[in-house]
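Chemist: Take a look at the following structure, please.
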Amino acid sequence: MSRPRFLKTKPIALASCLLALTCIVPAAASAGTRKVPRGFIGVDFDPWKASAQGLKASNELRIAAISGVETVRFPLYWSKVQRTKTSYSWAALDSFFAEASKRGLNLVPTVMGAPIWAADRRYSGKRSPTKLLIPANYSLYAAFITKLALRYGSNGSFWRAHPAYPKTAVKVWQVWNEPDLPYYWPSHTGEVQTVTVNGRQVRSKGLYWAPTYVRLVRMARTALRSADPRAQLMLGSMTNQVWGPKGLRLAYRSGAKGSFDLVGVNIFAGTVPQLRTALGYVTNLMNQYGDRGTKLTVTELSWLAARGKLRKGTNMAWIVTDPAGQARQLKSALNMLAAYRTAGRITGAYWYSWISTYRGNNSGWYYSGLRSFGLRRGTAGSRTSLATYRATALRLEGR
């Protein structure tokens, strides 16, 4: 069986002209035996993008909750919350947490994107392959994640200030996304870097992104545990060849062991058997480095309903299918992950993504959503795949 191909990148921007579709939601599944733990099945949802398109996060979360979503992984952009070194804008984030809590949804924030005032200017600007700003001083990131944990963690001030809300405190915080891609974190190609492994400092070349990213993780873990001892830190999700020479192995070689509680993976395989094989590669690598007790979360998986929609040569062609194929693969993947979760040490499976444009020809990711933005601002509809997601999720959840 061939290995899934390597994911090069995934653009953040979405098209502005959007396609309206009809909402398709089936009747609720009959109650049965729960086959997965609470929170196992989830989606990736960007509330900032939804807001930019005039959608209310409350409505999207309502539909998600009745569709079997129990966890929402979302990008928590540092730059949108801490505008200056001393000022914070909490209103939008507070509102999102409130709406999620009312629906009993777990939130997994991926904390990333330094504000301009805290950015490392060496990795910014048009000529830099790194498009998401990273901090110049990692202690500033640690201070920010401390603020977040004190606000939304197990004893957070947000929950104390709103005792009427169901308390759905954040249990897992993820430090960045896809650090193995220069789009998100500098590759440091050719640079000699200082690495601390087992308390010993070594100068090494060819470790690329890993030493600096691992340094960020270590500082974040110390800060997070100080703010909320119950909190868990998830390593930034790596891409298709997370087990390969430039993936998780580099993090371990850079001294990452012991600095995280969970491994996140974004794996996009052509078939469900290939997805299972890829997950086996990851756990085998973790075992090699003595992390047999550490679990992983499939933070992104997807097939793209983009057949006949894209330009020739568009990236991610191996997961391009039609709407029926997307729904079929989705159902098969969720069932496989539910059955394999104990052997594979899997804590969750999140579909990428909840909503996308379904318009445009230069990115397959425009065709990944269970829902789609409408042509008119503030409108949206559901894809056929949402009905499949809902039926599968509710059955696995015993609902």
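Note on naming: chains are A, B, ... as they come in the structure tokens, residues start from 1 per chain, ligands start from 1 in the order shown.
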For segment 200-207 of chain A, find every residue with an atom within 7 Å (counting only C-alpha atoms), except residues of its own chain fewer than 5 positions away, and show them as a list in words.

Modeler: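 Using only C-alpha atoms, the neighbours found are Thr189, Gly190, Glu191, Val192, Gln193, Thr194, Val195 and Leu250 of chain A.
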
Chemist: For the residues selected in the previous step, produce a file with N, CA and C atoms as a short mmCIF file (atom, residue, chain, number, x, y, z; two decimals), in the first residue's frame.

Modeler:
```cif
data_model
loop_
_atom_site.label_atom_id
_atom_site.label_comp_id
_atom_site.auth_asym_id
_atom_site.auth_seq_id
_atom_site.Cartn_x
_atom_site.Cartn_y
_atom_site.Cartn_z
N THR A 189 16.25 26.75 6.84
CA THR A 189 17.08 25.91 5.98
C THR A 189 18.54 26.37 5.98
N GLY A 190 19.44 25.45 6.27
CA GLY A 190 20.86 25.76 6.25
C GLY A 190 21.41 26.43 7.49
N GLU A 191 20.54 26.76 8.43
CA GLU A 191 21.01 27.46 9.63
C GLU A 191 21.55 26.48 10.68
N VAL A 192 22.59 26.88 11.37
CA VAL A 192 23.08 26.13 12.52
C VAL A 192 22.29 26.62 13.73
N GLN A 193 21.71 25.67 14.50
CA GLN A 193 20.87 26.05 15.62
C GLN A 193 21.29 25.31 16.88
N THR A 194 21.05 25.94 18.02
CA THR A 194 21.35 25.31 19.31
C THR A 194 20.14 24.52 19.78
N VAL A 195 20.37 23.25 20.10
CA VAL A 195 19.30 22.35 20.51
C VAL A 195 19.60 21.82 21.90
N LEU A 250 11.96 15.23 13.68
CA LEU A 250 12.79 16.41 13.93
C LEU A 250 12.45 17.04 15.28
#
```

Chemist: Would you list, as a count of residues only, the residues of segment 157-318 of chain A that end up in helix (DSSP H, G or I) under DSSP run on this structure's backbone?

Modeler: 48

Chemist: Counting only C-alpha atoms, what is within 12 Å of Gly236 of chain A, bar same-chain residues fewer than 2 positions away, as an MDAnalysis selection string?

Modeler: chainID A and resid 75 108:112 172:181 184:185 210 213:214 216:217 220 233:234 238:239 242 247:248 251 256 259:266 296:300

Chemist: Could you jot down the atom CA of Lys331 of chain A to atom CA of Val36 of chain A separation for me, Å, one decimal place?

Modeler: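 So the answer is 14.6 Å.
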
Chemist: Can you work out which one of A:Glu60, A:Lys257, A:Phe97, A:Ala317 has the shortest atom-to-atom distance to Gly199 of chain A, counting only C-alpha atoms?

Modeler: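 Going through A:Glu60, A:Lys257, A:Phe97, A:Ala317 one by one, the smallest distance to Gly199 of chain A is for A:Lys257.
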
Chemist: Pick the closest to Pro135 of chain A from A:Thr212, A:Thr33, A:Asn155, A:Thr71: which is it, counting only C-alpha atoms?

Modeler: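 Nearest to Pro135 of chain A: A:Thr212.
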
Chemist: Any idea what's packed within 12 Å of Ser51 of chain A, counting only C-alpha atoms, ignoring anything in its chain fewer than 2 positions away? Could you give it as a list in words?

Modeler: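 With the cut-off at 12 Å, the set is Phe45, Asp46, Pro47, Trp48, Lys49, Gln53, Gly54, Leu55, Lys56, Ala57, Ser58, Asn59, Glu60, Ala92, Leu93, Ser95, Phe96, Phe373, Arg377, Gly378 and Thr379 of chain A.
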
Chemist: Could you save the residues just selected, with N, CA and C atoms, as a PDB file, in the first residue's frame?

Modeler:
```
ATOM      1  N   PHE A  45     -13.454  24.805  12.485  1.00  0.00           N
ATOM      2  CA  PHE A  45     -14.314  25.941  12.139  1.00  0.00           C
ATOM      3  C   PHE A  45     -13.586  27.227  12.475  1.00  0.00           C
ATOM      4  N   ASP A  46     -13.547  28.141  11.524  1.00  0.00           N
ATOM      5  CA  ASP A  46     -12.893  29.433  11.726  1.00  0.00           C
ATOM      6  C   ASP A  46     -13.961  30.507  11.929  1.00  0.00           C
ATOM      7  N   PRO A  47     -14.224  30.901  13.172  1.00  0.00           N
ATOM      8  CA  PRO A  47     -15.264  31.903  13.415  1.00  0.00           C
ATOM      9  C   PRO A  47     -14.922  33.275  12.859  1.00  0.00           C
ATOM     10  N   TRP A  48     -13.622  33.559  12.709  1.00  0.00           N
ATOM     11  CA  TRP A  48     -13.206  34.855  12.174  1.00  0.00           C
ATOM     12  C   TRP A  48     -13.615  34.979  10.702  1.00  0.00           C
ATOM     13  N   LYS A  49     -13.426  33.897   9.941  1.00  0.00           N
ATOM     14  CA  LYS A  49     -13.830  33.901   8.538  1.00  0.00           C
ATOM     15  C   LYS A  49     -15.340  33.990   8.415  1.00  0.00           C
ATOM     16  N   GLN A  53     -17.743  36.990   6.621  1.00  0.00           N
ATOM     17  CA  GLN A  53     -18.747  36.748   5.584  1.00  0.00           C
ATOM     18  C   GLN A  53     -20.159  37.070   6.064  1.00  0.00           C
ATOM     19  N   GLY A  54     -20.267  37.676   7.246  1.00  0.00           N
ATOM     20  CA  GLY A  54     -21.568  38.114   7.752  1.00  0.00           C
ATOM     21  C   GLY A  54     -22.377  37.029   8.423  1.00  0.00           C
ATOM     22  N   LEU A  55     -21.769  35.894   8.732  1.00  0.00           N
ATOM     23  CA  LEU A  55     -22.496  34.810   9.396  1.00  0.00           C
ATOM     24  C   LEU A  55     -22.387  34.935  10.911  1.00  0.00           C
ATOM     25  N   LYS A  56     -23.419  34.492  11.602  1.00  0.00           N
ATOM     26  CA  LYS A  56     -23.397  34.471  13.054  1.00  0.00           C
ATOM     27  C   LYS A  56     -22.840  33.126  13.518  1.00  0.00           C
ATOM     28  N   ALA A  57     -21.810  33.178  14.337  1.00  0.00           N
ATOM     29  CA  ALA A  57     -21.231  31.946  14.856  1.00  0.00           C
ATOM     30  C   ALA A  57     -22.256  31.160  15.650  1.00  0.00           C
ATOM     31  N   SER A  58     -23.165  31.848  16.307  1.00  0.00           N
ATOM     32  CA  SER A  58     -24.184  31.169  17.117  1.00  0.00           C
ATOM     33  C   SER A  58     -25.023  30.219  16.270  1.00  0.00           C
ATOM     34  N   ASN A  59     -25.383  30.652  15.067  1.00  0.00           N
ATOM     35  CA  ASN A  59     -26.189  29.800  14.196  1.00  0.00           C
ATOM     36  C   ASN A  59     -25.390  28.608  13.684  1.00  0.00           C
ATOM     37  N   GLU A  60     -24.118  28.852  13.314  1.00  0.00           N
ATOM     38  CA  GLU A  60     -23.280  27.752  12.833  1.00  0.00           C
ATOM     39  C   GLU A  60     -23.041  26.740  13.942  1.00  0.00           C
ATOM     40  N   ALA A  92     -15.111  39.447  21.106  1.00  0.00           N
ATOM     41  CA  ALA A  92     -15.443  38.439  20.093  1.00  0.00           C
ATOM     42  C   ALA A  92     -15.170  37.032  20.606  1.00  0.00           C
ATOM     43  N   LEU A  93     -14.065  36.858  21.305  1.00  0.00           N
ATOM     44  CA  LEU A  93     -13.715  35.547  21.829  1.00  0.00           C
ATOM     45  C   LEU A  93     -14.670  35.126  22.942  1.00  0.00           C
ATOM     46  N   SER A  95     -17.760  35.996  23.247  1.00  0.00           N
ATOM     47  CA  SER A  95     -19.023  35.651  22.603  1.00  0.00           C
ATOM     48  C   SER A  95     -18.975  34.237  22.015  1.00  0.00           C
ATOM     49  N   PHE A  96     -17.848  33.895  21.388  1.00  0.00           N
ATOM     50  CA  PHE A  96     -17.707  32.564  20.799  1.00  0.00           C
ATOM     51  C   PHE A  96     -17.722  31.484  21.879  1.00  0.00           C
ATOM     52  N   PHE A 373     -20.635  28.870   2.205  1.00  0.00           N
ATOM     53  CA  PHE A 373     -21.055  30.259   2.215  1.00  0.00           C
ATOM     54  C   PHE A 373     -21.963  30.515   1.013  1.00  0.00           C
ATOM     55  N   ARG A 377     -24.002  37.914   1.099  1.00  0.00           N
ATOM     56  CA  ARG A 377     -23.349  38.023   2.403  1.00  0.00           C
ATOM     57  C   ARG A 377     -24.333  37.649   3.519  1.00  0.00           C
ATOM     58  N   GLY A 378     -23.858  36.872   4.454  1.00  0.00           N
ATOM     59  CA  GLY A 378     -24.686  36.489   5.591  1.00  0.00           C
ATOM     60  C   GLY A 378     -25.555  35.278   5.342  1.00  0.00           C
ATOM     61  N   THR A 379     -25.379  34.608   4.198  1.00  0.00           N
ATOM     62  CA  THR A 379     -26.174  33.412   3.915  1.00  0.00           C
ATOM     63  C   THR A 379     -25.253  32.194   3.794  1.00  0.00           C
TER      64      THR A 379
END
```

Chemist: Which residues are close to Ala306 of chain A, i.e. within 8 Å by only C-alpha atoms, leaving aside same-chain residues fewer than 6 positions away? Reply as a list in words.

Modeler: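 Once the adjacent positions are removed, what remains is Val320, Thr321, Asp322, Pro323, Gly364 and Tyr367 of chain A.
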
Chemist: Generate a file of the selected residues that holds C-alpha atoms, formatted as a compact mmCIF listing (two decimals), in the first residue's frame.

Modeler:
```txt
# COMPACT_ATOMS: atom_id res chain seq x y z
CA VAL A 320 -10.38 15.30 -4.94
CA THR A 321 -13.67 13.53 -5.51
CA ASP A 322 -17.33 14.36 -6.16
CA PRO A 323 -20.02 15.10 -3.53
CA GLY A 364 -9.37 22.27 -3.56
CA TYR A 367 -14.64 22.42 -1.60
```

Chemist: Enumerate the residues of segment 16-155 of chain A with a DSSP assignment of strand (DSSP E), computed from the backbone, and present them as a VMD selection string.

Modeler: chain A and resid 41 to 44 71 to 77 106 to 112

Chemist: Go ahead and write the selection's residues with N, CA and C atoms as a short mmCIF file (atom, residue, chain, number, x, y, z; two decimals), in the first residue's frame.

Modeler:
```
data_model
loop_
_atom_site.label_atom_id
_atom_site.label_comp_id
_atom_site.auth_asym_id
_atom_site.auth_seq_id
_atom_site.Cartn_x
_atom_site.Cartn_y
_atom_site.Cartn_z
N ILE A 41 -15.75 13.24 18.18
CA ILE A 41 -16.08 13.67 16.81
C ILE A 41 -16.21 15.19 16.76
N GLY A 42 -15.48 15.79 15.83
CA GLY A 42 -15.50 17.25 15.76
C GLY A 42 -15.28 17.78 14.36
N VAL A 43 -15.13 19.09 14.28
CA VAL A 43 -14.85 19.77 13.01
C VAL A 43 -13.87 20.91 13.26
N ASP A 44 -13.30 21.39 12.18
CA ASP A 44 -12.50 22.62 12.20
C ASP A 44 -13.38 23.75 11.69
N THR A 71 -16.87 18.58 19.37
CA THR A 71 -15.66 19.38 19.58
C THR A 71 -15.44 20.28 18.38
N VAL A 72 -15.06 21.51 18.64
CA VAL A 72 -14.72 22.46 17.57
C VAL A 72 -13.29 22.91 17.79
N ARG A 73 -12.45 22.59 16.82
CA ARG A 73 -11.08 23.11 16.81
C ARG A 73 -11.09 24.39 15.99
N PHE A 74 -10.50 25.45 16.55
CA PHE A 74 -10.57 26.73 15.84
C PHE A 74 -9.26 27.50 16.00
N PRO A 75 -8.92 28.33 15.01
CA PRO A 75 -7.72 29.15 15.13
C PRO A 75 -7.96 30.32 16.07
N LEU A 76 -7.15 30.42 17.09
CA LEU A 76 -7.24 31.56 18.01
C LEU A 76 -6.04 32.45 17.70
N TYR A 77 -6.31 33.47 16.90
CA TYR A 77 -5.23 34.34 16.45
C TYR A 77 -4.85 35.35 17.54
N ASN A 106 -17.17 21.29 23.15
CA ASN A 106 -15.79 21.46 23.58
C ASN A 106 -15.06 22.32 22.56
N LEU A 107 -14.16 23.17 23.02
CA LEU A 107 -13.35 23.97 22.13
C LEU A 107 -11.88 23.60 22.28
N VAL A 108 -11.21 23.44 21.14
CA VAL A 108 -9.77 23.21 21.11
C VAL A 108 -9.16 24.38 20.35
N PRO A 109 -8.62 25.38 21.03
CA PRO A 109 -8.02 26.53 20.35
C PRO A 109 -6.61 26.21 19.85
N THR A 110 -6.34 26.59 18.62
CA THR A 110 -4.99 26.54 18.08
C THR A 110 -4.45 27.97 18.14
N VAL A 111 -3.57 28.22 19.09
CA VAL A 111 -3.11 29.57 19.38
C VAL A 111 -1.91 29.89 18.48
N MET A 112 -2.09 30.87 17.60
CA MET A 112 -1.04 31.17 16.63
C MET A 112 -1.18 32.60 16.10
#
```

Chemist: For Gln326 of chain A, list every protein, DNA or RNA residue within 8 Å, evaluated using only C-alpha atoms, and leave out those in the same chain fewer than 5 positions away; present the list as a ChimeraX atom specification.

Modeler: /A:303-305,321,385

Chemist: Quick one, how far is atom CA of Gly293 of chain A from atom CA of Arg253 of chain A?

Modeler: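 If I compute the distance from atom CA of Gly293 of chain A to atom CA of Arg253 of chain A, I get 18.5 Å.
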
Chemist: Of the residues A:Gly68, A:Met336, A:Thr314, A:Met286, which is the one nearest to Thr388 of chain A, using only C-alpha atoms?

Modeler: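 Between A:Gly68, A:Met336, A:Thr314, A:Met286, the residue approaching Thr388 of chain A most closely is A:Gly68.
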
Chemist: I'd like to know which of A:Ala380, A:Ala52, A:Val81, A:Leu334 is closest to Val272 of chain A, using only C-alpha atoms.

Modeler: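 Under the stated criterion, the closest residue is A:Leu334.
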
Chemist: At what distance in Å, to one decimal, does atom CA of Arg218 of chain A lie from atom CA of Tyr138 of chain A?

Modeler: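 Rounded to one decimal, the two atoms are 9.7 Å apart.
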
Chemist: I'd like the contact shell of Ala278 of chain A - 10 Å cut-off, only C-alpha atoms, skipping same-chain residues fewer than 3 positions apart - returned as a list of chain:residue names.

Modeler: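 Residues meeting the cut-off are A:Ser2, A:Arg3, A:Pro4, A:Asn240, A:Gln241, A:Val242, A:Trp243, A:Ile267, A:Phe268, A:Ala269, A:Val272, A:Pro273, A:Gln274, A:Leu275, A:Tyr281, A:Val282, A:Thr283, A:Asn284.
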
Chemist: Taking only C-alpha atoms into account, name the residue in A:Ala231, A:Ser101, A:Tyr152, A:Tyr208 that is nearest to Thr168 of chain A.

Modeler: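 Among the listed residues, A:Ser101 lies closest to Thr168 of chain A.
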